Amino acid sequence: MAKTNKTKGFEKLADPEKYLVAGPGGATHQTADAAQASLTTNQGVIVADNQNALKSGGRGPSLLEDFASREKITHFDHERIPERIVHARGSGAHGYFEVTNPIPHLTRASFLAEKGKKTEVFARFSTVAGGAGAGDMPRDVRGFAVKFYTDEGNFDLVGNNIPVFFIQDAIKFPDLVPSVKMEPDRGYPQDATAHDTFWDFISLLPESMNMVLWIMSDRTIPRSLRMMEGFGIHTFRLVNADGKSTFVKFHWRPTIGSASVIWDEAVKINGADPDFHRRDLHEAIAKGAFPEWEFGVQAFDEEQAASFDFDILDATKIIPEEVIPIEVVGRMVLDRNPVNFFAETEQAAFHPGHVVPGIDFTSDPLLQGRLFSYTDTQISRLGGANFHELPINRPRCPMRNLQRDGMRRMDVNPGRVAYEPNSLDPSGPRENPKRGFRTFAAQEGEGETGQKLRLRPESFADHYSQARQFYRSMSAPEQRHIQNAFAFELSKVETPVIRSRVLGHLALVEEALAHAVETAIGMEGQRAEITPYQAPIDLEPSPALSLVGKAKPTLKGRKVGALVTDGADGDRLEALRDALEKEGAELAIVAPKIGGVDLKSGKHLVADMALSGAPSVFFDAVAIFASAEGIKPLLKNSAAIDWVRDAFGHLKVIGHSSSAQPLFGKAGIADDLDEGVIELDARSSVGQYIEAAKRQRVWDREARVSESDA
Ligand code: HEM
């Protein structure tokens, strides 16, 4: 669609007689004809010249009276709004939610009641710490916010891609965020946890330990926004038509499986394409490969809640799926890109307090604080109290009340009556006890209820057991990555005592982890001694937590890069393309020059990307199709050498024509080649390549290529 528009525009410009009137200043005048709209000011006055400001004489000073020019510049001067205080960088998409397994026994929410029922949604994925212009690939939690425009009002599920959080009480959020954001005196680092203030704060906040293990895992460097799990984190309540309440945790599962990149890839991707995730989401939707997630709940009752060895109101804890399985309720499909990033993605205002009848809160003190924070911040970010009228935020069901006025009010509400009860407007909106939202009359707490206290309950006191459980649930490569991440981050911390404190906490999480990290950073024997308030216990590992463990053998939604030279065999290449397309994957052609290559058959092959701008970190697997002549210049080309060396180091499956072999020697990997490096000269080898690439990474290779890190 986008391509067609582009072509059309180009055709118009290419018709110089009709559309181009060159001016002496160099700017092109594109004048309107009868069929084309005339450009106007915001007052609707048609503009005759959009290239030159009004001047006194051709070379004289510009005149203040030029209302068209003033209006244009004034508008431009005010085009930015404050970015979100957290989660500033985000990418959004429209789509729908469809019920596959209705749950009326759990909730009266109408959008979950009927099989096949569809509800419009808008989702926004974000990083947390960086500014709106930061890169897509820092080590950071990803926001996963979904607005359901239900027929009973908007429900916003404002979650993350990690099921736990750093803090237990919202009062600590205004401490957490400045600790991770750029340090206030120096204005850096941009979107990185690897600095003193973050680890200083964390090392003094044991409740963050479970989350810290999660953020040091590969979850914080997702391969794609389309391949992330999402979580509502807090315990919510569902309430059915009989008023019965059930506790729930909300889950999103990507249907093409979860995947992450390796840290070295993340670093390189951020440099080579800071918009990697945004582009990936946009392009996938534009070409019809719609991202999809299963939506599920872990539902449990008061009795089960009481049986857990943690408090369900503590957002630093998960309920393992092995204890309470996830019941799939529906699916979300994102099938439409925004047409205006600002109007839709930037102006979207999510709020965990936007619930509909049948969904209710618990007293989780983190959730309770959030219920205040979002509207409060949006009043300044979106300029007043009327941002709910913006198209992206407006409910799709009727919205009628007696609120009036305020900055930027867009609705023109007629009538004398802006109060209730009233007798002057009998047809005006009234409360509706039957259909309206009713808060579940929960009996809150025990013992302390009724007393005004500032305290953290004893039931929130175990800060290490689930962190240990998480670490022990990881596969060997994932454990290695966690160790490496800690080593990297602590090596960036300048103050030794902070490093020592973190090591002390790690020893409580898992001795082997602490040992690996202190060895990696050369700080053996320098752990601070931390006395926990409550000693950790050994919990059963939860295999469902391991991304590698549950990875699906699939190439769906993946991208394979083929580096192709002049004279390469096009038949093999096309065989690979066909095989990949059958698997739902895409082949991107990388050529030494963007002009493409001439294949052995004489056919010209158009390139998708030039080698200098398409490092192998962009791809899930790679292949090299080179002729004996074509490979020669690549043997002296550092981009080509890095392409192969990185692909190998990042554990990717590499296919190649036999003529490409010398490149392995240049990349220094010729002696290490393994079953993940596959010669593609025979037709049957394409099948072998596909099977290997479906396994996504050659994990066995890792210990050999990164011995010094582990
Ligand atoms: C479980 C814990 C939390 C999660 C999962 C979470 C998630 C999110 C997400 C996904 C966004 C971005 C929404 C979007 O795409 O527009 C966001 C924004 C924000 N969050 Fe949170 N958050 C959490 C805790 C908190 C807490 C405790 C506070 C404050 C006390 C807070 C304050 C904010 C603010 C002020 C914004 C910016 C909202 C805007 O400008 O529209 N968050 N959060």
# chains A, B, ... in the order shown; residues from 1 in each chain; ligands from 1
call {"tool": "closest_atom_pairs", "arguments": {"of": "chain A", "to": "ligand 1", "cutoff": "8 Å", "atoms": "only C-alpha atoms and all ligand atoms", "output": "tab-separated table"}}
result
residue	atom	partner	partner_atom_place_in_ligand_line	distance
A:Glu83	CA	ligand 1	40 (O)	7.0
A:Arg84	CA	ligand 1	40 (O)	3.9
A:Ile85	CA	ligand 1	37 (C)	5.5
A:Val86	CA	ligand 1	37 (C)	5.3
A:His87	CA	ligand 1	12 (C)	4.9
A:Ala88	CA	ligand 1	12 (C)	7.5
A:Gly90	CA	ligand 1	15 (O)	6.3
A:Gly92	CA	ligand 1	15 (O)	8.0
A:Ala123	CA	ligand 1	15 (O)	7.6
A:Arg124	CA	ligand 1	15 (O)	4.7
A:Phe125	CA	ligand 1	15 (O)	5.9
A:Ser126	CA	ligand 1	15 (O)	6.0
A:Val128	CA	ligand 1	11 (C)	7.6
A:Arg142	CA	ligand 1	10 (C)	7.3
A:Gly143	CA	ligand 1	10 (C)	3.6
A:Phe144	CA	ligand 1	10 (C)	4.9
A:Ala145	CA	ligand 1	10 (C)	4.8
A:Val158	CA	ligand 1	10 (C)	4.9
A:Gly159	CA	ligand 1	5 (C)	3.8
A:Asn160	CA	ligand 1	5 (C)	4.5
A:Val164	CA	ligand 1	1 (C)	6.9
A:Phe165	CA	ligand 1	1 (C)	5.4
A:Phe166	CA	ligand 1	2 (C)	7.9
A:Ile167	CA	ligand 1	27 (C)	7.8
A:Asp169	CA	ligand 1	27 (C)	7.1
A:Ala170	CA	ligand 1	27 (C)	4.2
A:Ile171	CA	ligand 1	30 (C)	6.5
A:Lys172	CA	ligand 1	27 (C)	7.5
A:Phe173	CA	ligand 1	27 (C)	5.1
A:Pro174	CA	ligand 1	30 (C)	6.8
A:Phe231	CA	ligand 1	5 (C)	7.6
A:Gly232	CA	ligand 1	5 (C)	6.5
A:Ile233	CA	ligand 1	1 (C)	5.5
A:His234	CA	ligand 1	1 (C)	6.3
A:Ala315	CA	ligand 1	1 (C)	6.6
A:Thr345	CA	ligand 1	16 (O)	7.8
A:Glu346	CA	ligand 1	16 (O)	7.6
A:Ala348	CA	ligand 1	16 (O)	6.0
A:Ala349	CA	ligand 1	41 (O)	4.7
A:Phe350	CA	ligand 1	16 (O)	5.3
A:His351	CA	ligand 1	41 (O)	7.4
A:Leu366	CA	ligand 1	27 (C)	5.2
A:Leu367	CA	ligand 1	27 (C)	6.7
A:Gly369	CA	ligand 1	30 (C)	5.1
A:Arg370	CA	ligand 1	28 (C)	4.8
A:Phe372	CA	ligand 1	30 (C)	7.4
A:Ser373	CA	ligand 1	29 (C)	5.1
A:Tyr374	CA	ligand 1	35 (C)	5.1
A:Thr375	CA	ligand 1	41 (O)	7.7
A:Asp376	CA	ligand 1	35 (C)	7.7
A:Thr377	CA	ligand 1	35 (C)	5.3
A:Gln378	CA	ligand 1	40 (O)	5.2
A:Arg381	CA	ligand 1	40 (O)	6.2
call {"tool": "residues_around", "arguments": {"residues": "Thr107 in chain A", "least_positions_apart": "4", "cutoff": "12 Å", "atoms": "only C-alpha atoms", "output": "MDAnalysis selection string"}}
result
chainID A and resid 102:103 111:114 236:248 297 299 329 356:360 440
call {"tool": "closest_atom_pairs", "arguments": {"of": "range 636-692 of chain A", "to": "range 604-628 of chain A", "cutoff": "10 Å", "atoms": "only C-alpha atoms", "output": "Markdown table"}}
result
| residue | atom | partner | partner_atom | distance |
| --- | --- | --- | --- | --- |
| A:Asn637 | CA | A:Ser612 | CA | 9.7 |
| A:Ser638 | CA | A:Ser612 | CA | 9.4 |
| A:Ala639 | CA | A:Ser612 | CA | 6.1 |
| A:Ala640 | CA | A:Leu611 | CA | 7.2 |
| A:Asp642 | CA | A:Pro615 | CA | 7.8 |
| A:Trp643 | CA | A:Ser616 | CA | 5.1 |
| A:Val644 | CA | A:Ser616 | CA | 7.3 |
| A:Arg645 | CA | A:Ser616 | CA | 9.1 |
| A:Asp646 | CA | A:Ser616 | CA | 6.8 |
| A:Ala647 | CA | A:Ser616 | CA | 5.8 |
| A:Phe648 | CA | A:Val622 | CA | 9.6 |
| A:His650 | CA | A:Val617 | CA | 8.0 |
| A:Leu651 | CA | A:Ala621 | CA | 9.0 |
| A:Lys652 | CA | A:Ala621 | CA | 5.3 |
| A:Val653 | CA | A:Ala621 | CA | 5.2 |
| A:Ile654 | CA | A:Val622 | CA | 5.0 |
| A:Gly655 | CA | A:Ala623 | CA | 4.2 |
| A:His656 | CA | A:Ile624 | CA | 4.5 |
| A:Ser657 | CA | A:Phe625 | CA | 5.2 |
| A:Ser658 | CA | A:Ala626 | CA | 8.1 |
| A:Ser659 | CA | A:Ala628 | CA | 5.1 |
| A:Ala660 | CA | A:Ala626 | CA | 5.4 |
| A:Gln661 | CA | A:Ala626 | CA | 9.2 |
| A:Pro662 | CA | A:Ala628 | CA | 9.5 |
| A:Leu663 | CA | A:Ile624 | CA | 9.6 |
| A:Gly676 | CA | A:Ala621 | CA | 9.9 |
| A:Val677 | CA | A:Ala623 | CA | 9.2 |
| A:Ile678 | CA | A:Ala623 | CA | 8.9 |
| A:Glu679 | CA | A:Ala623 | CA | 9.3 |
| A:Leu680 | CA | A:Ala623 | CA | 8.6 |
| A:Asp681 | CA | A:Phe625 | CA | 9.5 |
| A:Tyr689 | CA | A:Ala623 | CA | 9.5 |
| A:Ile690 | CA | A:Ala621 | CA | 9.7 |
| A:Ala692 | CA | A:Ala621 | CA | 9.6 |
call {"tool": "write_last_selection", "arguments": {"atoms": "N, CA and C atoms", "output": "mmCIF file, in the first residue's frame"}}
result
data_model
loop_
_atom_site.group_PDB
_atom_site.id
_atom_site.type_symbol
_atom_site.label_atom_id
_atom_site.label_comp_id
_atom_site.auth_asym_id
_atom_site.auth_seq_id
_atom_site.Cartn_x
_atom_site.Cartn_y
_atom_site.Cartn_z
ATOM 1 N N ASN A 637 37.110 -7.220 2.487
ATOM 2 C CA ASN A 637 36.072 -6.263 2.893
ATOM 3 C C ASN A 637 35.709 -6.531 4.361
ATOM 4 N N SER A 638 36.023 -5.575 5.241
ATOM 5 C CA SER A 638 35.827 -5.850 6.672
ATOM 6 C C SER A 638 34.352 -6.073 7.000
ATOM 7 N N ALA A 639 33.450 -5.419 6.267
ATOM 8 C CA ALA A 639 32.020 -5.623 6.548
ATOM 9 C C ALA A 639 31.633 -7.073 6.262
ATOM 10 N N ALA A 640 32.205 -7.645 5.187
ATOM 11 C CA ALA A 640 31.880 -9.040 4.846
ATOM 12 C C ALA A 640 32.487 -9.995 5.874
ATOM 13 N N ASP A 642 33.250 -9.299 9.019
ATOM 14 C CA ASP A 642 32.466 -9.177 10.266
ATOM 15 C C ASP A 642 31.122 -9.884 10.130
ATOM 16 N N TRP A 643 30.562 -9.817 8.938
ATOM 17 C CA TRP A 643 29.240 -10.419 8.690
ATOM 18 C C TRP A 643 29.256 -11.891 9.068
ATOM 19 N N VAL A 644 30.291 -12.563 8.600
ATOM 20 C CA VAL A 644 30.384 -14.001 8.840
ATOM 21 C C VAL A 644 30.839 -14.285 10.273
ATOM 22 N N ARG A 645 31.847 -13.534 10.710
ATOM 23 C CA ARG A 645 32.376 -13.781 12.061
ATOM 24 C C ARG A 645 31.275 -13.568 13.102
ATOM 25 N N ASP A 646 30.511 -12.469 12.923
ATOM 26 C CA ASP A 646 29.433 -12.198 13.880
ATOM 27 C C ASP A 646 28.348 -13.266 13.811
ATOM 28 N N ALA A 647 27.966 -13.634 12.596
ATOM 29 C CA ALA A 647 26.897 -14.640 12.468
ATOM 30 C C ALA A 647 27.309 -15.915 13.208
ATOM 31 N N PHE A 648 28.577 -16.277 13.065
ATOM 32 C CA PHE A 648 29.065 -17.483 13.737
ATOM 33 C C PHE A 648 29.093 -17.262 15.258
ATOM 34 N N HIS A 650 27.401 -15.281 16.976
ATOM 35 C CA HIS A 650 26.054 -15.134 17.543
ATOM 36 C C HIS A 650 25.238 -16.410 17.378
ATOM 37 N N LEU A 651 25.932 -17.488 17.077
ATOM 38 C CA LEU A 651 25.359 -18.838 17.105
ATOM 39 C C LEU A 651 24.297 -19.058 16.032
ATOM 40 N N LYS A 652 24.459 -18.363 14.909
ATOM 41 C CA LYS A 652 23.460 -18.488 13.850
ATOM 42 C C LYS A 652 23.794 -19.634 12.909
ATOM 43 N N VAL A 653 22.761 -20.128 12.281
ATOM 44 C CA VAL A 653 22.957 -21.117 11.246
ATOM 45 C C VAL A 653 23.414 -20.369 9.992
ATOM 46 N N ILE A 654 24.464 -20.905 9.358
ATOM 47 C CA ILE A 654 25.046 -20.237 8.188
ATOM 48 C C ILE A 654 25.008 -21.213 7.013
ATOM 49 N N GLY A 655 24.336 -20.818 5.955
ATOM 50 C CA GLY A 655 24.373 -21.611 4.724
ATOM 51 C C GLY A 655 25.351 -20.945 3.769
ATOM 52 N N HIS A 656 25.948 -21.729 2.874
ATOM 53 C CA HIS A 656 26.908 -21.087 1.973
ATOM 54 C C HIS A 656 27.125 -21.927 0.725
ATOM 55 N N SER A 657 27.479 -21.241 -0.351
ATOM 56 C CA SER A 657 27.923 -21.953 -1.545
ATOM 57 C C SER A 657 29.382 -22.336 -1.307
ATOM 58 N N SER A 658 29.861 -23.370 -2.032
ATOM 59 C CA SER A 658 31.229 -23.832 -1.731
ATOM 60 C C SER A 658 32.251 -22.724 -1.993
ATOM 61 N N SER A 659 31.962 -21.849 -2.956
ATOM 62 C CA SER A 659 32.918 -20.775 -3.266
ATOM 63 C C SER A 659 33.044 -19.760 -2.135
ATOM 64 N N ALA A 660 32.097 -19.770 -1.220
ATOM 65 C CA ALA A 660 32.162 -18.789 -0.121
ATOM 66 C C ALA A 660 33.113 -19.227 0.985
ATOM 67 N N GLN A 661 33.540 -20.484 0.920
ATOM 68 C CA GLN A 661 34.368 -21.077 1.979
ATOM 69 C C GLN A 661 35.565 -20.202 2.425
ATOM 70 N N PRO A 662 36.303 -19.583 1.484
ATOM 71 C CA PRO A 662 37.480 -18.819 1.918
ATOM 72 C C PRO A 662 37.159 -17.695 2.904
ATOM 73 N N LEU A 663 35.927 -17.237 2.882
ATOM 74 C CA LEU A 663 35.558 -16.160 3.809
ATOM 75 C C LEU A 663 35.644 -16.625 5.265
ATOM 76 N N GLY A 676 26.074 -26.366 12.325
ATOM 77 C CA GLY A 676 25.244 -25.195 12.011
ATOM 78 C C GLY A 676 25.749 -24.438 10.793
ATOM 79 N N VAL A 677 26.849 -24.925 10.190
ATOM 80 C CA VAL A 677 27.361 -24.288 8.971
ATOM 81 C C VAL A 677 27.138 -25.285 7.842
ATOM 82 N N ILE A 678 26.297 -24.933 6.887
ATOM 83 C CA ILE A 678 25.784 -25.933 5.941
ATOM 84 C C ILE A 678 26.042 -25.496 4.497
ATOM 85 N N GLU A 679 26.693 -26.379 3.749
ATOM 86 C CA GLU A 679 26.941 -26.073 2.344
ATOM 87 C C GLU A 679 25.641 -26.251 1.561
ATOM 88 N N LEU A 680 25.304 -25.268 0.730
ATOM 89 C CA LEU A 680 23.991 -25.282 0.080
ATOM 90 C C LEU A 680 24.064 -25.635 -1.392
ATOM 91 N N ASP A 681 25.120 -26.324 -1.818
ATOM 92 C CA ASP A 681 25.245 -26.593 -3.243
ATOM 93 C C ASP A 681 24.277 -27.672 -3.733
ATOM 94 N N TYR A 689 19.251 -27.123 5.995
ATOM 95 C CA TYR A 689 19.430 -25.748 6.492
ATOM 96 C C TYR A 689 18.172 -25.292 7.237
ATOM 97 N N ILE A 690 17.009 -25.539 6.608
ATOM 98 C CA ILE A 690 15.745 -25.096 7.217
ATOM 99 C C ILE A 690 15.572 -25.750 8.594
ATOM 100 N N ALA A 692 17.816 -26.875 10.619
ATOM 101 C CA ALA A 692 18.771 -26.321 11.589
ATOM 102 C C ALA A 692 18.357 -24.910 11.998
#
call {"tool": "residues_around", "arguments": {"residues": "Val328 in chain A", "least_positions_apart": "2", "cutoff": "8 Å", "atoms": "only C-alpha atoms", "output": "JSON, numbers by chain"}}
result
{"A": [100, 101, 294, 295, 296, 297, 326, 330]}
call {"tool": "residues_around", "arguments": {"residues": "Arg683 in chain A", "least_positions_apart": "2", "cutoff": "10 Å", "atoms": "only C-alpha atoms", "output": "MDAnalysis selection string"}}
result
chainID A and resid 571:572 575:576 680:681 685:688
call {"tool": "residues_around", "arguments": {"residues": "Val517 in chain A", "least_positions_apart": "2", "cutoff": "6 Å", "atoms": "only C-alpha atoms", "output": "list in words"}}
result
Gln483, Ala487, Ala514, His515, Thr519 and Ala520 of chain A
call {"tool": "select_by_dssp", "arguments": {"residues": "range 427-512 of chain A", "states": "helix (DSSP H, G or I)", "output": "NGL selection string"}}
result
:A and (458-460 or 465-473 or 476-491 or 496-509 or 511-512)
call {"tool": "closest_residue", "arguments": {"among": "A:Ala441, A:Ala132, A:Ile482, A:Ala343", "to": "Gln190 in chain A", "atoms": "only C-alpha atoms"}}
result
A:Ala132
call {"tool": "closest_atom_pairs", "arguments": {"of": "range 325-438 of chain A", "to": "range 274-293 of chain A", "cutoff": "9 Å", "atoms": "only C-alpha atoms", "output": "CSV"}}
result
residue,atom,partner,partner_atom,distance
A:Gly330,CA,A:Trp293,CA,8.6
A:Arg331,CA,A:Trp293,CA,5.5
A:Met332,CA,A:Trp293,CA,5.2
A:Val333,CA,A:Glu292,CA,4.5
A:Leu334,CA,A:Pro291,CA,5.5
A:Asp335,CA,A:Phe290,CA,5.3
A:Arg336,CA,A:Ile285,CA,6.4
A:Asn337,CA,A:His282,CA,6.4
A:Pro338,CA,A:His282,CA,9.0
call {"tool": "select_by_dssp", "arguments": {"residues": "range 539-631 of chain A", "states": "strand (DSSP E or B)", "output": "PDB file with N, CA, C and O atoms, in the first residue's frame"}}
result
ATOM      1  N   LYS A 559      13.629 -13.580   9.801  1.00  0.00           N
ATOM      2  CA  LYS A 559      14.241 -12.991   8.613  1.00  0.00           C
ATOM      3  C   LYS A 559      15.614 -13.611   8.398  1.00  0.00           C
ATOM      4  O   LYS A 559      16.446 -13.616   9.315  1.00  0.00           O
ATOM      5  N   VAL A 560      15.829 -14.110   7.190  1.00  0.00           N
ATOM      6  CA  VAL A 560      17.125 -14.694   6.855  1.00  0.00           C
ATOM      7  C   VAL A 560      17.813 -13.756   5.874  1.00  0.00           C
ATOM      8  O   VAL A 560      17.195 -13.270   4.921  1.00  0.00           O
ATOM      9  N   GLY A 561      19.088 -13.486   6.103  1.00  0.00           N
ATOM     10  CA  GLY A 561      19.836 -12.596   5.214  1.00  0.00           C
ATOM     11  C   GLY A 561      20.737 -13.414   4.302  1.00  0.00           C
ATOM     12  O   GLY A 561      21.475 -14.284   4.775  1.00  0.00           O
ATOM     13  N   ALA A 562      20.669 -13.138   2.994  1.00  0.00           N
ATOM     14  CA  ALA A 562      21.558 -13.832   2.055  1.00  0.00           C
ATOM     15  C   ALA A 562      22.516 -12.813   1.452  1.00  0.00           C
ATOM     16  O   ALA A 562      22.078 -11.852   0.814  1.00  0.00           O
ATOM     17  N   LEU A 563      23.785 -13.027   1.691  1.00  0.00           N
ATOM     18  CA  LEU A 563      24.812 -12.168   1.101  1.00  0.00           C
ATOM     19  C   LEU A 563      25.152 -12.757  -0.272  1.00  0.00           C
ATOM     20  O   LEU A 563      25.590 -13.904  -0.361  1.00  0.00           O
ATOM     21  N   VAL A 564      24.906 -11.996  -1.322  1.00  0.00           N
ATOM     22  CA  VAL A 564      25.001 -12.536  -2.688  1.00  0.00           C
ATOM     23  C   VAL A 564      26.008 -11.711  -3.495  1.00  0.00           C
ATOM     24  O   VAL A 564      26.021 -10.482  -3.412  1.00  0.00           O
ATOM     25  N   GLU A 586      11.198 -14.811   5.825  1.00  0.00           N
ATOM     26  CA  GLU A 586      11.457 -13.895   4.725  1.00  0.00           C
ATOM     27  C   GLU A 586      12.936 -13.945   4.394  1.00  0.00           C
ATOM     28  O   GLU A 586      13.769 -14.068   5.300  1.00  0.00           O
ATOM     29  N   LEU A 587      13.250 -13.837   3.093  1.00  0.00           N
ATOM     30  CA  LEU A 587      14.664 -13.787   2.695  1.00  0.00           C
ATOM     31  C   LEU A 587      14.989 -12.368   2.262  1.00  0.00           C
ATOM     32  O   LEU A 587      14.295 -11.802   1.422  1.00  0.00           O
ATOM     33  N   ALA A 588      16.035 -11.785   2.846  1.00  0.00           N
ATOM     34  CA  ALA A 588      16.463 -10.443   2.442  1.00  0.00           C
ATOM     35  C   ALA A 588      17.782 -10.573   1.685  1.00  0.00           C
ATOM     36  O   ALA A 588      18.691 -11.278   2.133  1.00  0.00           O
ATOM     37  N   ILE A 589      17.871  -9.911   0.534  1.00  0.00           N
ATOM     38  CA  ILE A 589      19.085  -9.997  -0.278  1.00  0.00           C
ATOM     39  C   ILE A 589      20.030  -8.864   0.116  1.00  0.00           C
ATOM     40  O   ILE A 589      19.674  -7.689   0.047  1.00  0.00           O
ATOM     41  N   VAL A 590      21.219  -9.253   0.543  1.00  0.00           N
ATOM     42  CA  VAL A 590      22.258  -8.282   0.899  1.00  0.00           C
ATOM     43  C   VAL A 590      23.328  -8.370  -0.192  1.00  0.00           C
ATOM     44  O   VAL A 590      23.874  -9.447  -0.438  1.00  0.00           O
ATOM     45  N   ALA A 591      23.604  -7.249  -0.850  1.00  0.00           N
ATOM     46  CA  ALA A 591      24.597  -7.262  -1.928  1.00  0.00           C
ATOM     47  C   ALA A 591      25.726  -6.299  -1.576  1.00  0.00           C
ATOM     48  O   ALA A 591      25.524  -5.364  -0.788  1.00  0.00           O
ATOM     49  N   VAL A 597      23.155  -7.411  -7.924  1.00  0.00           N
ATOM     50  CA  VAL A 597      24.213  -8.243  -8.517  1.00  0.00           C
ATOM     51  C   VAL A 597      23.687  -8.914  -9.784  1.00  0.00           C
ATOM     52  O   VAL A 597      22.479  -9.072  -9.980  1.00  0.00           O
ATOM     53  N   ASP A 598      24.636  -9.320 -10.654  1.00  0.00           N
ATOM     54  CA  ASP A 598      24.279 -10.099 -11.838  1.00  0.00           C
ATOM     55  C   ASP A 598      24.594 -11.556 -11.544  1.00  0.00           C
ATOM     56  O   ASP A 598      25.747 -11.913 -11.271  1.00  0.00           O
ATOM     57  N   HIS A 604      19.607 -10.162 -13.433  1.00  0.00           N
ATOM     58  CA  HIS A 604      19.989  -9.169 -12.419  1.00  0.00           C
ATOM     59  C   HIS A 604      19.151  -9.386 -11.153  1.00  0.00           C
ATOM     60  O   HIS A 604      17.928  -9.543 -11.228  1.00  0.00           O
ATOM     61  N   LEU A 605      19.805  -9.405 -10.021  1.00  0.00           N
ATOM     62  CA  LEU A 605      19.088  -9.594  -8.756  1.00  0.00           C
ATOM     63  C   LEU A 605      19.070  -8.267  -7.990  1.00  0.00           C
ATOM     64  O   LEU A 605      20.123  -7.689  -7.700  1.00  0.00           O
ATOM     65  N   MET A 609      19.241  -4.676   0.600  1.00  0.00           N
ATOM     66  CA  MET A 609      20.118  -3.875   1.450  1.00  0.00           C
ATOM     67  C   MET A 609      21.541  -3.977   0.928  1.00  0.00           C
ATOM     68  O   MET A 609      21.914  -4.996   0.332  1.00  0.00           O
ATOM     69  N   ALA A 610      22.328  -2.926   1.225  1.00  0.00           N
ATOM     70  CA  ALA A 610      23.755  -2.985   0.888  1.00  0.00           C
ATOM     71  C   ALA A 610      24.515  -3.528   2.089  1.00  0.00           C
ATOM     72  O   ALA A 610      24.145  -3.257   3.244  1.00  0.00           O
ATOM     73  N   ALA A 621      19.067 -15.977  10.704  1.00  0.00           N
ATOM     74  CA  ALA A 621      20.013 -16.947  10.143  1.00  0.00           C
ATOM     75  C   ALA A 621      20.541 -16.315   8.867  1.00  0.00           C
ATOM     76  O   ALA A 621      19.934 -15.365   8.354  1.00  0.00           O
ATOM     77  N   VAL A 622      21.656 -16.814   8.364  1.00  0.00           N
ATOM     78  CA  VAL A 622      22.232 -16.175   7.181  1.00  0.00           C
ATOM     79  C   VAL A 622      22.673 -17.218   6.169  1.00  0.00           C
ATOM     80  O   VAL A 622      22.789 -18.421   6.484  1.00  0.00           O
ATOM     81  N   ALA A 623      22.948 -16.730   4.945  1.00  0.00           N
ATOM     82  CA  ALA A 623      23.502 -17.586   3.903  1.00  0.00           C
ATOM     83  C   ALA A 623      24.383 -16.723   3.013  1.00  0.00           C
ATOM     84  O   ALA A 623      24.166 -15.511   2.915  1.00  0.00           O
ATOM     85  N   ILE A 624      25.387 -17.354   2.411  1.00  0.00           N
ATOM     86  CA  ILE A 624      26.279 -16.610   1.514  1.00  0.00           C
ATOM     87  C   ILE A 624      26.276 -17.328   0.165  1.00  0.00           C
ATOM     88  O   ILE A 624      26.631 -18.516   0.090  1.00  0.00           O
ATOM     89  N   PHE A 625      25.866 -16.612  -0.851  1.00  0.00           N
ATOM     90  CA  PHE A 625      25.889 -17.163  -2.202  1.00  0.00           C
ATOM     91  C   PHE A 625      26.921 -16.381  -2.991  1.00  0.00           C
ATOM     92  O   PHE A 625      26.671 -15.240  -3.380  1.00  0.00           O
TER      93      PHE A 625
END
call {"tool": "residues_around", "arguments": {"residues": "Phe310 in chain A", "least_positions_apart": "3", "cutoff": "10 Å", "atoms": "only C-alpha atoms", "output": "list in words"}}
result
Ala305, Ala306, Ser307, Leu313, Asp314, Thr316, Lys317, Ile318, Ile319, Glu458, Ser459, Phe460, Ala461, Asp462, His463, Ser465 and Gln466 of chain A
call {"tool": "atom_distance", "arguments": {"atom1": "CA of Glu322 in chain A", "atom2": "CA of Ser542 in chain A"}}
result
6.7 Å
call {"tool": "atom_distance", "arguments": {"atom1": "CA of Pro320 in chain A", "atom2": "CA of Leu204 in chain A"}}
result
26.9 Å
call {"tool": "closest_residue", "arguments": {"among": "A:Val177, A:Ala568, A:Leu382, A:Ala528", "to": "Val502 in chain A", "atoms": "only C-alpha atoms"}}
result
A:Ala528
call {"tool": "closest_residue", "arguments": {"among": "A:Ser217, A:Gln443, A:Gln43, A:Thr150", "to": "Ser475 in chain A", "atoms": "only C-alpha atoms"}}
result
A:Ser217
call {"tool": "decode", "arguments": {"residues": "range 36-51 of chain A", "atoms": "C-alpha atoms", "output": "JSON list (two decimals), in the first residue's frame"}}
result
[["chain", "number", "residue", "atom", "x", "y", "z"],
["A", 36, "GLN", "CA", -5.90, 18.84, -6.27],
["A", 37, "ALA", "CA", -6.63, 20.45, -2.91],
["A", 38, "SER", "CA", -5.27, 23.95, -2.38],
["A", 39, "LEU", "CA", -3.00, 24.49, 0.60],
["A", 40, "THR", "CA", -4.57, 26.78, 3.20],
["A", 41, "THR", "CA", -3.70, 28.48, 6.48],
["A", 42, "ASN", "CA", -5.38, 27.19, 9.64],
["A", 43, "GLN", "CA", -8.06, 29.80, 8.99],
["A", 44, "GLY", "CA", -8.82, 28.27, 5.60],
["A", 45, "VAL", "CA", -7.24, 31.03, 3.51],
["A", 46, "ILE", "CA", -5.64, 29.64, 0.34],
["A", 47, "VAL", "CA", -1.88, 30.08, 0.26],
["A", 48, "ALA", "CA", -0.46, 31.37, -3.03],
["A", 49, "ASP", "CA", 3.24, 30.83, -2.33],
["A", 50, "ASN", "CA", 4.57, 28.33, 0.21],
["A", 51, "GLN", "CA", 8.25, 28.82, -0.66]]
